[in-house]
Amino acid sequence: MSVNDALAGLNLPPAVKVQTLKLLAPINQAANADELWRASDRGAGFVLGLETVAVMDSASIDGLYGLFDDATMARRQEESP
């Protein structure tokens, strides 16, 4: 499943979708493990912020966490020997 398909399935507000895409870009472009984990942590922090202020339902929050986790794992596997 592509990132766009995953985002479409979450039915996010436009501003959240835009920020999610901006936060996914550094994950996909990370040159090393440090950059990858830093970008991943930013994504998780963003979702935690949304969860904290309760602006979205729990299914969308879980979906966003999963999206960032999946992107991180995919990038990590690309970089593995």
# chains A, B, ... in the order shown; residues from 1 in each chain; ligands from 1
>>> residues_around(residues="Ile27 (chain A)", least_positions_apart="3", cutoff="10 Å", atoms="only C-alpha atoms", output="mmCIF file with N, CA and C atoms, in the first residue's frame")
data_model
loop_
_atom_site.group_PDB
_atom_site.id
_atom_site.type_symbol
_atom_site.label_atom_id
_atom_site.label_comp_id
_atom_site.auth_asym_id
_atom_site.auth_seq_id
_atom_site.Cartn_x
_atom_site.Cartn_y
_atom_site.Cartn_z
ATOM 1 N N LYS A 22 5.011 16.143 5.121
ATOM 2 C CA LYS A 22 6.272 16.845 5.391
ATOM 3 C C LYS A 22 7.145 16.066 6.361
ATOM 4 N N LEU A 23 6.529 15.407 7.337
ATOM 5 C CA LEU A 23 7.295 14.642 8.318
ATOM 6 C C LEU A 23 7.737 13.283 7.780
ATOM 7 N N LEU A 24 7.037 12.755 6.803
ATOM 8 C CA LEU A 24 7.443 11.494 6.194
ATOM 9 C C LEU A 24 8.643 11.675 5.258
ATOM 10 N N ALA A 30 16.358 9.785 4.834
ATOM 11 C CA ALA A 30 17.407 9.659 5.856
ATOM 12 C C ALA A 30 18.637 8.964 5.285
ATOM 13 N N ALA A 31 19.795 9.577 5.507
ATOM 14 C CA ALA A 31 21.052 9.050 4.977
ATOM 15 C C ALA A 31 21.715 8.052 5.917
ATOM 16 N N GLU A 35 19.748 9.964 11.451
ATOM 17 C CA GLU A 35 18.747 10.796 10.783
ATOM 18 C C GLU A 35 17.391 10.103 10.743
ATOM 19 N N LEU A 36 17.417 8.808 10.513
ATOM 20 C CA LEU A 36 16.167 8.049 10.451
ATOM 21 C C LEU A 36 15.439 8.083 11.784
ATOM 22 N N TRP A 37 16.129 7.825 12.868
ATOM 23 C CA TRP A 37 15.477 7.793 14.174
ATOM 24 C C TRP A 37 15.029 9.185 14.610
ATOM 25 N N ARG A 38 15.816 10.204 14.260
ATOM 26 C CA ARG A 38 15.411 11.576 14.593
ATOM 27 C C ARG A 38 14.122 11.940 13.850
ATOM 28 N N ALA A 39 14.068 11.614 12.553
ATOM 29 C CA ALA A 39 12.864 11.905 11.758
ATOM 30 C C ALA A 39 11.673 11.086 12.253
ATOM 31 N N SER A 40 11.920 9.847 12.613
ATOM 32 C CA SER A 40 10.861 8.994 13.141
ATOM 33 C C SER A 40 10.310 9.537 14.453
ATOM 34 N N ASP A 41 11.208 9.984 15.305
ATOM 35 C CA ASP A 41 10.781 10.568 16.584
ATOM 36 C C ASP A 41 9.946 11.830 16.381
ATOM 37 N N ARG A 42 10.301 12.632 15.380
ATOM 38 C CA ARG A 42 9.490 13.824 15.086
ATOM 39 C C ARG A 42 8.084 13.438 14.672
ATOM 40 N N GLY A 43 7.984 12.415 13.841
ATOM 41 C CA GLY A 43 6.662 11.942 13.416
ATOM 42 C C GLY A 43 5.845 11.438 14.589
ATOM 43 N N PHE A 68 3.825 6.076 10.325
ATOM 44 C CA PHE A 68 5.196 6.480 10.627
ATOM 45 C C PHE A 68 6.068 5.264 10.941
ATOM 46 N N ALA A 71 6.821 3.455 7.594
ATOM 47 C CA ALA A 71 7.790 4.208 6.792
ATOM 48 C C ALA A 71 9.196 4.063 7.363
ATOM 49 N N THR A 72 9.304 4.087 8.683
ATOM 50 C CA THR A 72 10.612 3.941 9.330
ATOM 51 C C THR A 72 11.185 2.556 9.085
ATOM 52 N N MET A 73 10.364 1.541 9.246
ATOM 53 C CA MET A 73 10.844 0.175 9.031
ATOM 54 C C MET A 73 11.222 -0.063 7.569
ATOM 55 N N ALA A 74 10.448 0.486 6.646
ATOM 56 C CA ALA A 74 10.756 0.322 5.224
ATOM 57 C C ALA A 74 12.094 0.975 4.901
ATOM 58 N N ARG A 75 12.322 2.181 5.434
ATOM 59 C CA ARG A 75 13.597 2.869 5.182
ATOM 60 C C ARG A 75 14.750 2.120 5.836
ATOM 61 N N ARG A 76 14.517 1.613 7.001
ATOM 62 C CA ARG A 76 15.555 0.862 7.708
ATOM 63 C C ARG A 76 15.955 -0.375 6.901
#
>>> select_by_dssp(residues="chain A", states="alpha helix (DSSP H)", output="PyMOL selection string")
chain A and resi 3-10+14-29+33-52+58-79
>>> atom_distance(atom1="CA of Ala6 (chain A)", atom2="CA of Gly66 (chain A)")
9.6 Å
>>> closest_residue(among="A:Gln77, A:Asn11, A:Thr52, A:Ser58", to="Ala33 (chain A)", atoms="only C-alpha atoms")
A:Gln77
>>> atom_distance(atom1="CA of Ala15 (chain A)", atom2="CA of Asp34 (chain A)")
27.6 Å
>>> atom_distance(atom1="CA of Leu67 (chain A)", atom2="CA of Lys17 (chain A)")
11.8 Å
>>> closest_residue(among="A:Ala44, A:Asn32, A:Pro13, A:Glu79", to="Asp62 (chain A)", atoms="only C-alpha atoms")
A:Ala44
>>> closest_residue(among="A:Leu64, A:Asp70, A:Ala8, A:Ser2", to="Thr20 (chain A)", atoms="only C-alpha atoms")
A:Leu64
>>> closest_residue(among="A:Gly9, A:Glu78, A:Val16, A:Asp69", to="Gly49 (chain A)", atoms="only C-alpha atoms")
A:Val16
>>> closest_residue(among="A:Val3, A:Leu48, A:Ile61, A:Val53", to="Leu21 (chain A)", atoms="only C-alpha atoms")
A:Val3
